[in-house]
Each structure stands twice: as structure tokens, then as C-alpha cells.
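Engineer: Let me give you the structure first, and then I'll get to my questions.
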Protein chains: 2
Amino acid sequence: MKIGYAIIVPMGIFITVDIGGTQIRAATYPQGTTEPSNIRRTPTRSGDESPFERMCGLIQAIWPKGQVVESITVATAGPLDPATGVVFSAPNIPGWENFPLGDALRERFHVPVYIGNDANLAALGEWRYGAGKGHHDVLYLTISTGIGGGIIIADKLLLGSRGLAAELGHITVLPGGDLCGCGQRGHLETIAAGPGIARYVREQIESGRESSLKGAAQITAKEVSIAAQQGDPLSVEAFTRAGTYLGVALADFLHIFNPSLVIFGGGVSFSGEILFKPMREALQQHVMDASYLHGLKIVTAALADEVGLMGALALAELKKAEG
Amino acid sequence: MKIGYAIIVPMGIFITVDIGGTQIRAATYPQGTTEPSNIRRTPTRSGDESPFERMCGLIQAIWPKGQVVESITVATAGPLDPATGVVFSAPNIPGWENFPLGDALRERFHVPVYIGNDANLAALGEWRYGAGKGHHDVLYLTISTGIGGGIIIADKLLLGSRGLAAELGHITVLPGGDLCGCGQRGHLETIAAGPGIARYVREQIESGRESSLKGAAQITAKEVSIAAQQGDPLSVEAFTRAGTYLGVALADFLHIFNPSLVIFGGGVSFSGEILFKPMREALQQHVMDASYLHGLKIVTAALADEVGLMGALALAELKKAEG
């Protein structure tokens, strides 16, 4: 006679967090799923509470009762070292200067903690669950108030020796050009991210150019995008300029990485063809050999607002699989 | 009673080949060694014989008698696909347009054949046996008549989806600048490789500038380097210009790869401080955060002329280890 035993292993829960300058999101994902069983958000700053305390409160609020939490994985702004869990600086998160986020969370919650740069993890999320599925070499660019990047090479996320790799917005495309948020000049971000697009229009209007945006109460990339869609020549020009430099930089990135897929995310990528048409034209002109374009796909991101949480989930699953 | 058997496994031999526009080298390395047991060279072009036939003749000449050849591994100029062994183009090797080098060698010699881009394999060789030992994230730049690159990321060679990655000389540093050998304009190679350095001096002399090289029978980077060491202001300026753009590009590469080591190889790197001093100054000025320089080492290559053969050996050993 044989006696069978059913060994019941409780399904673990992955907690993932996405923190930026504006808001913190947190979600729980039962192991093996990509649908959150719980998801909440809160502003990053409010009252006297520190962003870290607000994050801890949010994690506490979604902590699953009576279930095993496998890990907490955080996608955060700012350069950081994924190995040590130290955030070097996150300009929009007060107090996060050389902040040992990994250790602080481990002490608080007593579970494994993993930390990743938000753009890097977005790339990982898109590759594992989104627009990048099935590709092995993926370049991800997110264009919003800045330009961030993430690179998958032979199914691995590019981190670099201290986790600082893939800062794709910070390459010089216009020597001596506009000042970048990082303190350098002429970086891709200064021309092709939202603030650069808006600044170009404002400067041209100030120097006497005509535009439907002349006299507008505020001019951000959003207003410029709408004006461009409506045919305002100066606004079209601003996006053409951004797209052209983006295309030149993309040619550089193809020569450097030779990916099979390029994914564009971030708010500015919603501007569509007013940005991507000049980008493709510049890419065609600047690529050194047609073989880099052979089989290359250029797409927009699939994961939308959840990309940070999903990217953190991708890292959590990979860490779990590594043991 | 026990009878012992000694199983004698004959030591295999790796054959490695390095082919460029000028010469072909071939060597045999007994497995587990980095000292060639035989090494020969021959011009790439001579008489009616094709470069491929000349390569085969050289391999035949060093083929070890009575020993097992593990593989033939070739480091070659030109973009190529390491997976298929097809060389897409090697401008200085006649007839190598979409040339199935891997298959052709396998048919001829009936052993495993591996093919790699020469700059990529030089990086692999330096990482495994040379200046890069002990580092996991290495950027290798070779500066001679062109600029080639090779990248080691987390102990793996960056290849890209079709083996075309790491063309680090072909990034735009001066939009609309001089014509590059690849057909594009303003690439790093047009300014910082030997021909670009020499062209700058020639153009300045033609436009009326004074120089000790005025009236020289020929002006290549070598003459400019010697004149610069002797204090010729225009020659110093040419190297300062090259070094400065190299430093700006290196800042880009640090932001992209965050290596712990940068290795410079190729003839132009022998020019020393007249190139590297302005390079370091530009790097310091253009790096977005000091953390990229933290612990970063910048060195010159260790393997000299044998780097192609040693790089091919590194690939052969890695392939053997993979089984």
C-alpha cells in the first residue's frame, strides 16, 4: 500500500514598488501571475512624512495577510547601485542622497529586497512581459521630462560595473549645446526630451518667430505637441528637430548595440509621427550600413503606467529563479 | 587485484588566424597555453592567389603533424556575423563581400571554425590574457587607421543581434563633420583616428597655417605625432583636438556602459600623453557624475601585435569550454 502525501507549498507574493518624484505605487503579484492582486498609490511628498516613510506605509497597507512575501522590489528614479541597494541621488525625492534604500527596507520588513533604476527595470518589464517578448537584444528609450534607457543584451539587463549603465539621454549630440539637467551640455536629453522641445519653442517665440502658441499661459511639450498636430509650423519644427537628433543618436546606439528591437516609452513618445517620422528619416540617413536595419523593429511601449511595477516584478522573478 | 589504466588524452591544438588588409598571421597554441608552438605570417595579397587561398596555405603550413586540431578561429577585419561565419564586407580584403568564411574553412579543414571581428576579439584577448584580467566590464578602443571597439559586459563579449555591435568609432561627435570611411559624417573616427589627425594638419597648412611639417613629403599621423612631441604647435593642436573628442566620446561610453576599465590599443595610442592628456581633461569635463570615474582605470593594451591571435585563442577556449 502506498500513502500519498500532498505537499502544499503556499504561493508566494511579490511586492513591487515604483517611486518617482510625484507618486509612489505599490502592488502585490501572486507568484506566476502578472495581474496584481492589490495595487495602491500615494503622493511621494505630503506633510512632514519622508518619502521613505510614505513608501513603507504603502507597503504595509498592501502587505498580504497570511501569505508569504517572497521579496520587495523597488523601481526608483536616480542613479543607484543594484548590488548594494544604495541610491546615489534622486533629485526629485528629498533626502535620497547616498540613501541605503535596500538595507532600510530589509531592516523594516525582513524579506529580500531588490532595487533597480526605473528606466532599466522598465526595459526589463517590456522585454519580459511587453513589447520586447521573444527578442534577445532590446534597446529601450523612455522620453518624458528626461530621457532614460535600458538595454537587454543576450537576454540580460546591462548594468555596468556599478549599476550606472544605459544613461542613454546623456550622450553629447550637440557639442556646446544647451545645459542638461545633469550639468553637462548638448546631451540628447536637452533637445529631445519634453522640456527641451518646449524651451526651443519658447526661445524662438521670444526671438520673434510666429507661432499659435505665442502668448500661451504655459508652453510644455504637451502644448507644443497639440499645436504641431494642428499644423503650427514652429511646433512642427521643434518636434522635427527633436526627432532628427533622436534619429542620429539612434544610429549611434544601433552601431553600439545592434539590437533587433527598439522600444520607445514615456509621455513624449505619445506625440507619434511628428516625432517618429523625422527620427526614422535621420536614422536612415545616419546608419552606417543597411544591415543594422535588417529585421530591426521600432515600436512603442506596451505596458503603459504599470511598466515600473511590471519591471520590478520581472526583476523579482529573475532573482527568485536564480535562487 | 586492481588493474590501472592510464587514459591518455592527446593535448589538442588551437589554430588561430588574424587577417587584415596587409598581412595574415597564423599560430598554433597547445591547449592550456598562451605561448604559440608555431607562428607564421604572409602578405594578404600576392600574385594571383586570393586572400582566402593564402590563408588556407598558411594554415596548412602550420598544421601540427600527428596532433588533434581542436578548432580554427579567425579574427578578421570587417563587419561579420559570428553565428553564421559570414563576413559582410572587409574593404581591404579583395572578394570578401558576404563571404562565407566559416563554411569555406570548415569544408577545407573539417574541424570546428569560429569567426570574430578583429576589434571584438582583441577586446576578448585583452580581457582574458592582457590588460583586462580580473575586470568584468571592459571597454576596449583601438585607434589606428580607423577606430574599432570591443565591449565586455559581465564577462561576456557584446555581439548584438547580428554580431554588428561595438562599432565605437562610428558615433556622431560632430554633426555635419568630415566624411567617414563608412560614408557617414562627423564620426569619432574622422577626428581621432590617424587619417583624421593627419588630414587636419594638411588642411590647416593648406589654409596658410605654419607648421614644421609644411612641405613634408608625406604627412601621416606618425609624422604629426613626432612633430607634436618636438613641440610643433599645429601638430599638438591636431592631437589635442583628437584627444578632446575622444574624451567627449569616452564620457558617452561611460554613461552607456559604466565599465571599470578602459583599454586603448592601436598605433595612434602609442602617441601617449599628447593624445591622452586632452582626452582625460575632456573626460573630466564631460562626465555627468564623478561616480563613473570612481575606481575607473584607463590603460593601454598589453598584448601588442599578437592581440588578434590571442583574441582568437580566447574565443577558441571559450567555445571549447562551452562544449
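Going by the C-alpha cells order, chains are called A, B, ..., each with residues numbered from 1, while ligands are numbered from 1 in the order shown.
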For region 44-52 of chain B, please output as a list in words all residues within 12 Å (counting only C-alpha atoms; exclusion window: fewer than 6 positions along the same chain).
Structural biologist: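 Counting only the stated atoms, we get Val17, Asp18, Ile19, Gly20, Gly21, Thr22, Gln23, Ile24, Arg25, Ala26, Leu58, Ile59, Val74, Thr76, Ala77, Ala90, Asn92, Ile93, Pro94, Gly95, Trp96, Phe99, Pro100, Leu101, Gly102, Ala104, Leu105 and Arg108 of chain B.
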Engineer: I need the chosen residues saved as an mmCIF file, in the first residue's frame, with N, CA and C atoms.
Structural biologist:
data_model
loop_
_atom_site.group_PDB
_atom_site.id
_atom_site.type_symbol
_atom_site.label_atom_id
_atom_site.label_comp_id
_atom_site.auth_asym_id
_atom_site.auth_seq_id
_atom_site.Cartn_x
_atom_site.Cartn_y
_atom_site.Cartn_z
ATOM 1 N N VAL B 17 44.027 32.516 -36.404
ATOM 2 C CA VAL B 17 44.425 33.288 -37.577
ATOM 3 C C VAL B 17 43.974 34.730 -37.369
ATOM 4 N N ASP B 18 44.796 35.655 -37.822
ATOM 5 C CA ASP B 18 44.460 37.079 -37.763
ATOM 6 C C ASP B 18 44.684 37.629 -39.164
ATOM 7 N N ILE B 19 43.609 38.059 -39.826
ATOM 8 C CA ILE B 19 43.762 38.572 -41.196
ATOM 9 C C ILE B 19 43.329 40.028 -41.282
ATOM 10 N N GLY B 20 44.184 40.844 -41.862
ATOM 11 C CA GLY B 20 43.873 42.247 -42.121
ATOM 12 C C GLY B 20 44.170 42.552 -43.573
ATOM 13 N N GLY B 21 44.096 43.827 -43.917
ATOM 14 C CA GLY B 21 44.331 44.211 -45.300
ATOM 15 C C GLY B 21 45.778 44.021 -45.739
ATOM 16 N N THR B 22 46.707 44.026 -44.803
ATOM 17 C CA THR B 22 48.123 43.950 -45.131
ATOM 18 C C THR B 22 48.696 42.548 -44.985
ATOM 19 N N GLN B 23 48.426 41.927 -43.828
ATOM 20 C CA GLN B 23 49.011 40.604 -43.635
ATOM 21 C C GLN B 23 48.087 39.624 -42.933
ATOM 22 N N ILE B 24 48.462 38.358 -43.103
ATOM 23 C CA ILE B 24 47.774 37.262 -42.426
ATOM 24 C C ILE B 24 48.783 36.650 -41.456
ATOM 25 N N ARG B 25 48.354 36.415 -40.215
ATOM 26 C CA ARG B 25 49.178 35.688 -39.255
ATOM 27 C C ARG B 25 48.424 34.431 -38.868
ATOM 28 N N ALA B 26 49.150 33.396 -38.561
ATOM 29 C CA ALA B 26 48.526 32.180 -38.045
ATOM 30 C C ALA B 26 49.439 31.594 -36.993
ATOM 31 N N LEU B 58 48.622 29.189 -45.378
ATOM 32 C CA LEU B 58 49.311 29.455 -44.111
ATOM 33 C C LEU B 58 48.861 28.460 -43.031
ATOM 34 N N ILE B 59 47.570 28.181 -43.004
ATOM 35 C CA ILE B 59 47.045 27.212 -42.028
ATOM 36 C C ILE B 59 47.659 25.831 -42.295
ATOM 37 N N VAL B 74 39.291 32.548 -36.439
ATOM 38 C CA VAL B 74 39.829 33.636 -37.253
ATOM 39 C C VAL B 74 39.350 34.991 -36.737
ATOM 40 N N THR B 76 39.092 38.651 -38.027
ATOM 41 C CA THR B 76 39.175 39.313 -39.326
ATOM 42 C C THR B 76 38.601 40.716 -39.277
ATOM 43 N N ALA B 77 39.105 41.559 -40.162
ATOM 44 C CA ALA B 77 38.530 42.882 -40.335
ATOM 45 C C ALA B 77 37.111 42.734 -40.879
ATOM 46 N N ALA B 90 34.780 43.397 -46.062
ATOM 47 C CA ALA B 90 36.093 43.714 -45.497
ATOM 48 C C ALA B 90 36.806 44.487 -46.599
ATOM 49 N N ASN B 92 39.371 46.043 -47.246
ATOM 50 C CA ASN B 92 40.762 45.881 -47.644
ATOM 51 C C ASN B 92 41.133 44.444 -48.021
ATOM 52 N N ILE B 93 40.132 43.556 -48.032
ATOM 53 C CA ILE B 93 40.399 42.175 -48.419
ATOM 54 C C ILE B 93 39.571 41.858 -49.669
ATOM 55 N N PRO B 94 40.237 41.808 -50.841
ATOM 56 C CA PRO B 94 39.500 41.669 -52.102
ATOM 57 C C PRO B 94 38.627 40.407 -52.109
ATOM 58 N N GLY B 95 37.381 40.575 -52.534
ATOM 59 C CA GLY B 95 36.495 39.427 -52.691
ATOM 60 C C GLY B 95 35.692 39.057 -51.454
ATOM 61 N N TRP B 96 35.972 39.693 -50.339
ATOM 62 C CA TRP B 96 35.241 39.342 -49.116
ATOM 63 C C TRP B 96 34.001 40.220 -48.956
ATOM 64 N N PHE B 99 31.093 37.003 -47.739
ATOM 65 C CA PHE B 99 31.925 35.826 -47.950
ATOM 66 C C PHE B 99 31.718 34.822 -46.803
ATOM 67 N N PRO B 100 31.287 33.591 -47.130
ATOM 68 C CA PRO B 100 31.013 32.596 -46.078
ATOM 69 C C PRO B 100 32.301 31.960 -45.562
ATOM 70 N N LEU B 101 33.096 32.754 -44.866
ATOM 71 C CA LEU B 101 34.430 32.327 -44.432
ATOM 72 C C LEU B 101 34.375 31.075 -43.558
ATOM 73 N N GLY B 102 33.406 31.047 -42.635
ATOM 74 C CA GLY B 102 33.298 29.898 -41.729
ATOM 75 C C GLY B 102 33.085 28.599 -42.500
ATOM 76 N N ALA B 104 33.587 27.987 -45.670
ATOM 77 C CA ALA B 104 34.696 27.695 -46.581
ATOM 78 C C ALA B 104 35.848 27.015 -45.840
ATOM 79 N N LEU B 105 36.129 27.488 -44.611
ATOM 80 C CA LEU B 105 37.220 26.881 -43.836
ATOM 81 C C LEU B 105 36.835 25.492 -43.318
ATOM 82 N N ARG B 108 37.194 22.978 -46.019
ATOM 83 C CA ARG B 108 38.582 22.711 -46.363
ATOM 84 C C ARG B 108 39.289 21.873 -45.301
#
Engineer: Enumerate, as a ChimeraX atom specification, the complete set of residues in region 72-316 of chain A that a backbone-based DSSP assignment places in alpha helix (DSSP H).
Structural biologist: /A:101-109,118-129,188-192,194-206,221-229,233-257,273-286,307-316
Engineer: Report as a list of chain:residue names: the residues of region 249-299 of chain B with a DSSP assignment of strand (DSSP E), based on the backbone of this structure.
Structural biologist: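 Written out, the strand (DSSP E) residues of region 249-299 of chain B are B:Leu261, B:Val262, B:Ile263, B:Phe264, B:Gly265, B:Lys297, B:Ile298, B:Val299.
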Engineer: Please produce a file of those selected residues containing C-alpha atoms, as a CSV table (one decimal), in the first residue's frame.
Structural biologist:
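As written to disk, part.csv reads:
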chain,number,residue,atom,x,y,z
B,261,LEU,CA,38.4,49.5,-17.2
B,262,VAL,CA,39.1,51.3,-20.5
B,263,ILE,CA,41.9,49.8,-22.7
B,264,PHE,CA,43.4,51.7,-25.6
B,265,GLY,CA,45.1,49.8,-28.3
B,297,LYS,CA,41.2,52.5,-14.8
B,298,ILE,CA,42.3,53.8,-18.2
B,299,VAL,CA,45.3,51.8,-19.6
Engineer: What are the residues of chain B lining chain A at 7 Å or less? Count only C-alpha atoms, and put the answer as a ChimeraX atom specification.
Structural biologist: /B:137,153,160-162,164-168,170-173,182-184,252,255-260,286,288
Engineer: For Pro36 (chain A), find every residue with an atom within 7 Å (counting only C-alpha atoms), except residues of its own chain fewer than 6 positions away, and show them as a PyMOL selection string.
Structural biologist: chain A and resi 27-29
Engineer: Write out, as a PDB file, in the first residue's frame, the residues just selected, with N, CA and C atoms.
Structural biologist:
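The resulting file, again11.pdb, is reproduced below:
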ATOM      1  N   ALA A  27       2.310  47.306  -5.514  1.00  0.00           N
ATOM      2  CA  ALA A  27       1.377  46.261  -5.932  1.00  0.00           C
ATOM      3  C   ALA A  27       1.837  44.922  -5.385  1.00  0.00           C
ATOM      4  N   THR A  28       0.896  43.999  -5.278  1.00  0.00           N
ATOM      5  CA  THR A  28       1.210  42.611  -4.926  1.00  0.00           C
ATOM      6  C   THR A  28       0.872  41.731  -6.116  1.00  0.00           C
ATOM      7  N   TYR A  29       1.794  40.834  -6.438  1.00  0.00           N
ATOM      8  CA  TYR A  29       1.580  39.885  -7.530  1.00  0.00           C
ATOM      9  C   TYR A  29       1.769  38.474  -6.984  1.00  0.00           C
TER      10      TYR A  29
END
Engineer: Can you tell me, as a VMD selection string, what residues are no more than 7 Å from Gly125 (chain B) when counting only C-alpha atoms, ignoring any on the same chain fewer than 5 positions away?
Structural biologist: chain B and resid 130 307 310 to 311 314
Engineer: Could you work out how far CA of Asp305 (chain A) lies from CA of Gln31 (chain A), giving the answer in Å with one decimal?
Structural biologist: 21.0 Å
Engineer: Could you give me, as number ranges by chain, the residues within 12 Å of region 61-65 of chain B, counting only C-alpha atoms and dropping anything in the same chain fewer than 3 positions from it?
Structural biologist: B: 11-17, 25-30, 36-42, 54-58, 68-72, 109, 111
Engineer: I'd like the contact shell of Val224 (chain A) - 9 Å cut-off, only C-alpha atoms, skipping same-chain residues fewer than 6 positions apart - returned as a VMD selection string.
Structural biologist: chain A and resid 197 to 198 201 213 232 234 to 236 238 to 239
Engineer: Rounded to one decimal, what separation in Å do you get between CA of Met279 (chain A) and CA of Thr244 (chain A)?
Structural biologist: 4.9 Å
